[in-house]
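As provided, final.cif (mmCIF, C-alpha atoms) reads as follows.
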data_structure
#
loop_
_atom_site.label_atom_id
_atom_site.label_comp_id
_atom_site.auth_asym_id
_atom_site.auth_seq_id
_atom_site.Cartn_x
_atom_site.Cartn_y
_atom_site.Cartn_z
CA MET J 1 15.22 9.23 28.15
CA LYS J 2 11.93 7.84 29.39
CA ARG J 3 10.50 5.12 27.19
CA LEU J 4 7.10 6.06 25.85
CA GLU J 5 4.16 3.70 25.91
CA ILE J 6 3.42 2.17 22.52
CA THR J 7 0.05 1.04 21.27
CA ILE J 8 -0.78 -0.75 18.03
CA ALA J 9 -4.05 -0.13 16.19
CA PRO J 10 -6.16 -3.25 15.45
CA SER J 11 -5.80 -2.91 11.68
CA VAL J 12 -2.02 -2.76 12.11
CA GLN J 13 -2.13 -5.77 14.40
CA LYS J 14 -3.80 -7.65 11.58
CA GLN J 15 -1.10 -6.56 9.13
CA ILE J 16 1.60 -7.83 11.47
CA ILE J 17 -0.23 -11.08 12.22
CA ASP J 18 -0.80 -11.74 8.50
CA GLN J 19 2.86 -11.15 7.72
CA THR J 20 3.98 -13.33 10.62
CA LEU J 21 1.73 -16.18 9.55
CA TYR J 22 2.95 -15.79 5.98
CA ILE J 23 6.52 -16.30 7.15
CA ALA J 24 5.41 -19.16 9.40
CA ARG J 25 4.07 -21.03 6.38
CA ASP J 26 7.69 -21.70 5.47
CA SER J 27 9.26 -21.74 8.91
CA ILE J 28 7.76 -21.13 12.34
CA ASP J 29 11.24 -20.59 13.74
CA ASN J 30 11.84 -17.85 11.18
CA ALA J 31 8.51 -16.30 12.11
CA LEU J 32 9.45 -16.38 15.80
CA ALA J 33 12.79 -14.72 15.06
CA TRP J 34 11.10 -12.12 12.82
CA GLU J 35 8.50 -11.38 15.48
CA ASN J 36 11.26 -10.87 18.04
CA ARG J 37 13.16 -8.45 15.78
CA LEU J 38 9.99 -6.51 14.98
CA ARG J 39 9.08 -6.31 18.67
CA THR J 40 12.52 -4.84 19.38
CA GLU J 41 12.22 -2.35 16.51
CA ILE J 42 8.81 -1.12 17.64
CA GLN J 43 9.91 -0.87 21.25
CA GLU J 44 12.84 1.26 20.10
CA ILE J 45 10.37 3.69 18.56
CA GLY J 46 9.16 4.28 22.13
CA SER J 47 12.70 5.00 23.26
CA MET J 48 13.61 7.20 20.32
CA PRO J 49 10.44 8.58 18.74
CA GLY J 50 12.30 11.16 16.63
CA HIS J 51 12.01 9.41 13.29
CA ALA J 52 11.59 11.39 10.10
CA VAL J 53 8.22 12.91 9.38
CA ASP J 54 6.54 11.44 6.31
CA GLU J 55 5.94 14.75 4.57
CA ASP J 56 3.70 13.41 1.80
CA ALA J 57 1.38 11.47 4.11
CA SER J 58 1.38 14.24 6.71
CA SER J 59 0.45 16.79 4.08
CA ARG J 60 -2.62 14.81 3.10
CA LEU J 61 -3.59 13.91 6.65
CA GLY J 62 -3.18 17.36 8.13
CA TYR J 63 -1.04 16.18 11.04
CA SER J 64 2.48 14.82 11.40
CA VAL J 65 3.07 11.11 11.12
CA ARG J 66 6.55 9.63 11.34
CA LYS J 67 8.04 6.69 9.57
CA ALA J 68 10.56 4.04 10.51
CA VAL J 69 12.01 1.42 8.20
CA PHE J 70 12.33 -2.13 9.46
CA GLU J 71 14.94 -4.37 7.84
CA ASN J 72 15.01 -2.22 4.70
CA THR J 73 11.72 -3.79 3.69
CA TYR J 74 8.86 -2.70 5.90
CA LEU J 75 7.55 0.77 6.60
CA ILE J 76 6.13 1.57 10.02
CA HIS J 77 4.08 4.74 10.37
CA HIS J 78 3.53 6.07 13.86
CA TRP J 79 1.99 9.07 15.52
CA LEU J 80 3.34 10.60 18.67
CA ASP J 81 0.68 11.81 21.09
CA GLN J 82 2.93 14.10 23.09
CA SER J 83 0.28 15.17 25.60
CA ALA J 84 -0.40 11.55 26.56
CA GLY J 85 3.20 10.39 26.12
CA VAL J 86 2.14 7.56 23.84
CA VAL J 87 3.35 6.43 20.43
CA HIS J 88 0.64 4.87 18.29
CA VAL J 89 1.63 2.51 15.48
CA ILE J 90 -0.80 3.31 12.69
CA ASN J 91 0.55 1.57 9.57
CA PHE J 92 2.79 -1.36 8.75
CA ARG J 93 3.52 -2.46 5.22
CA HIS J 94 6.14 -3.39 2.71
CA GLY J 95 8.07 -0.24 1.98
CA ALA J 96 10.89 -1.18 -0.31
CA ARG J 97 8.82 -3.24 -2.69
CA LEU J 98 5.26 -4.21 -3.49
CA PRO J 99 4.02 -7.52 -2.02
CA GLN J 100 4.50 -10.71 -3.97
CA ARG J 101 1.40 -12.56 -5.16
CA GLY J 102 -0.33 -14.12 -2.15
CA GLU J 103 1.74 -12.13 0.31
CA PRO J 104 -0.20 -9.84 2.68
CA MET Z 1 -21.22 1.74 -24.19
CA ARG Z 2 -17.46 1.70 -24.25
CA GLY Z 3 -15.75 4.16 -26.54
CA ARG Z 4 -12.25 4.88 -27.71
CA LEU Z 5 -10.74 6.88 -24.93
CA CYS Z 6 -7.47 8.34 -23.84
CA ILE Z 7 -6.59 10.13 -20.67
CA ARG Z 8 -3.86 12.63 -19.96
CA ARG Z 9 -1.22 11.56 -17.45
CA ASP Z 10 -1.68 14.65 -15.30
CA PHE Z 11 -5.36 13.87 -15.10
CA ILE Z 12 -4.65 10.32 -13.96
CA THR Z 13 -2.36 11.75 -11.32
CA ARG Z 14 -5.13 14.02 -10.14
CA LEU Z 15 -7.43 11.03 -9.82
CA PHE Z 16 -5.17 9.64 -7.15
CA ALA Z 17 -5.16 12.91 -5.27
CA ASN Z 18 -8.82 12.13 -4.59
CA ASP Z 19 -8.91 9.50 -1.86
CA ALA Z 20 -12.63 8.95 -2.33
CA GLY Z 21 -12.03 8.03 -5.96
CA TYR Z 22 -9.32 5.67 -4.97
CA GLU Z 23 -11.51 3.96 -2.39
CA THR Z 24 -14.36 3.65 -4.87
CA ALA Z 25 -12.09 1.94 -7.34
CA SER Z 26 -10.40 -0.24 -4.73
CA ASN Z 27 -13.76 -1.73 -3.74
CA HIS Z 28 -13.80 -3.53 -7.07
CA ILE Z 29 -10.25 -4.82 -6.99
CA GLY Z 30 -9.11 -7.98 -5.25
CA PRO Z 31 -6.04 -8.33 -3.07
CA ASP Z 32 -4.12 -10.10 -5.83
CA THR Z 33 -4.16 -7.07 -8.11
CA ILE Z 34 -2.19 -4.65 -6.00
CA ILE Z 35 0.66 -4.27 -8.45
CA ASP Z 36 -1.65 -3.36 -11.29
CA PHE Z 37 -3.89 -1.19 -9.17
CA ALA Z 38 -2.78 2.13 -10.54
CA ILE Z 39 -3.58 1.20 -14.10
CA LEU Z 40 -6.81 -0.58 -13.26
CA ALA Z 41 -8.04 2.26 -11.10
CA SER Z 42 -7.27 4.71 -13.85
CA ILE Z 43 -9.31 2.72 -16.30
CA MET Z 44 -12.21 2.36 -13.89
CA ASN Z 45 -12.22 6.03 -13.06
CA LEU Z 46 -11.93 6.81 -16.73
CA TYR Z 47 -15.12 4.94 -17.53
CA GLN Z 48 -16.95 6.47 -14.59
CA ILE Z 49 -16.22 9.96 -15.88
CA ARG Z 50 -16.03 9.38 -19.62
CA GLU Z 51 -18.46 12.23 -20.27
CA ASN Z 52 -15.98 14.60 -18.68
CA ALA Z 53 -14.45 17.09 -21.08
CA MET Z 54 -10.93 16.41 -19.83
CA VAL Z 55 -10.98 12.96 -21.44
CA SER Z 56 -9.50 13.09 -24.90
CA THR Z 57 -9.19 10.53 -27.67
CA GLU Z 58 -5.93 11.91 -28.98
CA HIS Z 59 -3.76 8.91 -28.16
CA THR Z 60 -5.87 5.83 -28.64
CA GLN Z 61 -4.71 3.26 -31.14
CA SER Z 62 -5.62 -0.23 -32.20
CA LEU Z 63 -3.45 -3.22 -31.44
CA SER Z 64 -2.68 -3.63 -35.14
CA ASP Z 65 -1.57 0.01 -35.40
CA PHE Z 66 0.58 -0.47 -32.34
CA ARG Z 67 2.26 -3.51 -33.85
CA GLN Z 68 3.26 -1.42 -36.86
CA LYS Z 69 4.38 1.61 -34.84
CA ALA Z 70 5.60 0.11 -31.59
CA GLY Z 71 8.92 1.96 -31.55
CA GLU Z 72 7.32 5.28 -32.41
CA THR Z 73 4.66 4.74 -29.74
CA LEU Z 74 7.17 3.85 -27.05
CA ASP Z 75 9.26 6.91 -27.89
CA ARG Z 76 6.17 9.11 -27.64
CA LEU Z 77 5.16 7.54 -24.30
CA ASN Z 78 8.56 8.25 -22.81
CA ARG Z 79 8.75 11.74 -24.32
CA THR Z 80 5.30 12.97 -23.29
CA GLY Z 81 4.65 10.94 -20.16
CA ASN Z 82 1.06 10.52 -21.35
CA ALA Z 83 -0.93 7.32 -21.01
CA GLU Z 84 -2.28 5.76 -24.18
CA ILE Z 85 -5.04 3.24 -24.63
CA LEU Z 86 -4.75 0.15 -26.78
CA THR Z 87 -7.95 -1.11 -28.34
CA VAL Z 88 -9.05 -4.39 -29.87
CA ASN Z 89 -12.17 -4.23 -32.03
CA GLY Z 90 -12.79 -0.73 -30.73
CA GLU Z 91 -12.75 -1.80 -27.10
CA ALA Z 92 -10.13 -0.53 -24.69
CA ARG Z 93 -8.00 -3.49 -23.60
CA ALA Z 94 -4.83 -2.02 -22.13
CA VAL Z 95 -3.18 1.20 -21.04
CA LEU Z 96 0.38 1.93 -22.11
CA LEU Z 97 2.63 3.97 -19.85
CA SER Z 98 6.30 4.84 -19.68
CA PRO Z 99 8.14 3.34 -16.68
CA ALA Z 100 8.49 6.82 -15.17
CA ALA Z 101 4.77 7.50 -15.50
CA TYR Z 102 3.95 4.10 -14.03
CA ASP Z 103 6.30 4.70 -11.10
CA GLU Z 104 4.65 8.04 -10.42
CA LEU Z 105 1.21 6.46 -10.48
CA ALA Z 106 2.35 3.61 -8.26
CA ARG Z 107 3.81 6.06 -5.75
CA ASP Z 108 0.62 8.09 -5.72
CA ALA Z 109 -1.49 4.96 -5.36
CA GLN Z 110 0.66 3.74 -2.48
CA LEU Z 111 0.39 7.11 -0.77
CA SER Z 112 -3.39 7.00 -1.10
CA ARG Z 113 -3.41 3.48 0.37
CA ASP Z 114 -1.24 4.65 3.26
CA VAL Z 115 -3.44 7.66 3.97
CA THR Z 116 -6.60 5.57 3.87
CA PHE Z 117 -5.06 2.97 6.16
CA ILE Z 118 -3.70 5.56 8.59
CA ARG Z 119 -7.07 7.31 8.83
CA ARG Z 120 -8.72 4.04 9.74
CA ALA Z 121 -6.03 3.19 12.29
CA MET Z 122 -6.25 6.65 13.86
CA GLN Z 123 -10.00 6.22 14.22
CA GLU Z 124 -9.40 2.89 15.95
CA ILE Z 125 -6.93 4.58 18.29
CA GLN Z 126 -9.40 7.36 19.05
CA ASP Z 127 -12.03 4.71 19.79
CA GLY Z 128 -9.67 3.28 22.41
CA LYS Z 129 -9.05 0.05 20.50
CA GLY Z 130 -5.26 0.20 20.45
CA MET Z 131 -3.37 -2.56 22.24
CA GLU Z 132 -0.18 -2.09 24.19
CA ALA Z 133 2.68 -3.34 22.01
CA GLY Z 134 4.19 -5.72 24.55
CA ALA Z 135 0.87 -7.45 25.15
CA PHE Z 136 0.25 -7.75 21.44
CA PHE Z 137 3.64 -9.34 20.74
CA ASP Z 138 3.28 -11.66 23.73
CA GLY Z 139 0.02 -12.92 22.23
CA LEU Z 140 1.54 -13.29 18.79
CA ARG Z 141 4.48 -15.24 20.21
CA SER Z 142 2.12 -17.54 22.11
CA THR Z 143 0.27 -18.25 18.88
CA LEU Z 144 3.50 -19.12 17.08
CA LEU Z 145 4.72 -21.33 19.91
CA ALA Z 146 1.39 -23.15 19.92
CA MET Z 147 1.73 -23.69 16.16
CA LYS Z 148 5.26 -25.00 16.65
CA ALA Z 149 4.18 -27.39 19.42
CA LYS Z 150 1.36 -28.68 17.24
CA GLN Z 151 3.74 -29.15 14.33
CA GLN Z 152 6.24 -31.06 16.48
CA LYS Z 153 3.48 -33.19 17.91
CA GLY Z 154 2.31 -34.00 14.40
CA ARG Z 155 5.81 -35.05 13.35
CA ALA Z 156 6.25 -37.22 16.45
CA GLY Z 157 2.88 -38.84 15.88
#

Translate this structure into structure tokens?
Amino acid sequence: MKRLEITIAPSVQKQIIDQTLYIARDSIDNALAWENRLRTEIQEIGSMPGHAVDEDASSRLGYSVRKAVFENTYLIHHWLDQSAGVVHVINFRHGARLPQRGEP
Amino acid sequence: MRGRLCIRRDFITRLFANDAGYETASNHIGPDTIIDFAILASIMNLYQIRENAMVSTEHTQSLSDFRQKAGETLDRLNRTGNAEILTVNGEARAVLLSPAAYDELARDAQLSRDVTFIRRAMQEIQDGKGMEAGAFFDGLRSTLLAMKAKQQKGRAG
């Protein structure tokens, strides 16, 4: 299957950067490894964009957004623009738990 | 003037169905208060609309009353799912909720946060501000490698 182009919204970029820098406070090597795993995960969304629709969020938004879980901890919302063949990453956050104090 | 107030759980839930209300409340809350957002937002919304007829004073009690009837109160909270307000010297100081009611509020609050965030991100995408993922991660990696080089240089020096 053709890999779709993936774009990341600026506000999501900030979320990812903040989380990366948070990890880097303890270990830059860990942050590099985490960044590499996240890059792979997001690229896989472009290869297999058929993740589950987030029914609750889609219901409020009025259009379908999909969700992928990264490392059982982070939730990635994305929207597939089928006409343009592009997947847009539109949310990235802790999914399995709320952030710790001081954590983005 | 602050009064003795109580709010029904279903009404609190409805507050979070209103994204505008959520955003209004979130403007007054710092990033360190995320975990307590649901309760804080409920209180803030409660005061903003305290003239509203849906607000009742049925389950407001003083801290001293609570100390005497803690078990009874906790049973009632878990049975009814209602929120109850604890007052000190007539002023509301805390909201009591069952774990199930808190979880429901937290889920609703998180959903509202997600929807607000997604709307903003979609607007950015529509404005053509999205960045290709590979380019973004290349830039992020460069930043981290620069940090690592600086760190190693600092240790060597």

Using the chain letters and numbers from this file, what does the PyMOL selection byres ((chain J and resi 40-57) around 7) select? Give the answer as a list of chain:residue names.
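The output of the PyMOL selection byres ((chain J and resi 40-57) around 7) on this file is J:Met1, J:Lys2, J:Arg3, J:Leu4, J:Glu5, J:Ile6, J:Asn36, J:Arg37, J:Leu38, J:Arg39, J:Ser58, J:Ser59, J:Arg60, J:Leu61, J:Ser64, J:Val65, J:Arg66, J:Lys67, J:Ala68, J:Val87, Z:Leu111, Z:Val115.
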
Could you work out which residues of chain Z fall inside 6 Å of chain J? Count all atoms listed in the file, and format the result as a list in words.
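The answer, sorted by residue number, is Ile118, Ala121, Ile125, Gly130, Met131, Glu132 and Ala133 of chain Z.
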
Could you tell me how far atom CA of Z:Ala106 sits from atom CA of Z:Gly71, in Å to one decimal place?
24.3 Å

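Straight-line separation from atom CA of J:Gln19 to atom CA of Z:Asp138: 16.0 Å.
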
So the first atom is atom CA of Z:Lys148 and the second is atom CA of J:Asp26; what is the distance between them in Å, to one decimal place?
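Going from atom CA of Z:Lys148 over to atom CA of J:Asp26, I get 11.9 Å.
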
Let me make sure I understand: among Z:Asp65, Z:Gln126, Z:Asp114, Z:Glu84, which one has the smallest atom-to-atom distance to J:Ile76 if we use all atoms listed in the file?
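Ranking Z:Asp65, Z:Gln126, Z:Asp114, Z:Glu84 by distance to J:Ile76, first place goes to Z:Asp114.
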
Determine the residue set returned by the PyMOL selection byres ((chain Z and resi 98-101) around 7) for the present structure, and present it as a PyMOL selection string.
chain Z and resi 77-78+81+97+102-105

Specify the axis-aligned box that encloses all atoms of stretch 58-70 of chain Z listed in the file after padding of 6 Å on each side, stating its centre and edge lengths in Å to one decimal as JSON.
{"center_x": -0.2, "center_y": 4.1, "center_z": -32.5, "size_x": 23.5, "size_y": 27.5, "size_z": 20.7}

Protein, DNA and RNA residues within 7 Å of (-8.1, 2.2, -31.2), only C-alpha atoms, as a list in words:
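I get Arg4, Thr60, Gln61, Ser62, Leu86, Thr87, Val88 and Gly90 of chain Z for the residues within 7 Å of that point.
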
Using the selection just defined, write its residues with C-alpha atoms as a PDB file, keeping the file's coordinate frame.
ATOM      1  CA  ARG Z   4     -12.250   4.880 -27.710  1.00  0.00           C
ATOM      2  CA  THR Z  60      -5.870   5.830 -28.640  1.00  0.00           C
ATOM      3  CA  GLN Z  61      -4.710   3.260 -31.140  1.00  0.00           C
ATOM      4  CA  SER Z  62      -5.620  -0.230 -32.200  1.00  0.00           C
ATOM      5  CA  LEU Z  86      -4.750   0.150 -26.780  1.00  0.00           C
ATOM      6  CA  THR Z  87      -7.950  -1.110 -28.340  1.00  0.00           C
ATOM      7  CA  VAL Z  88      -9.050  -4.390 -29.870  1.00  0.00           C
ATOM      8  CA  GLY Z  90     -12.790  -0.730 -30.730  1.00  0.00           C
TER       9      GLY Z  90
END
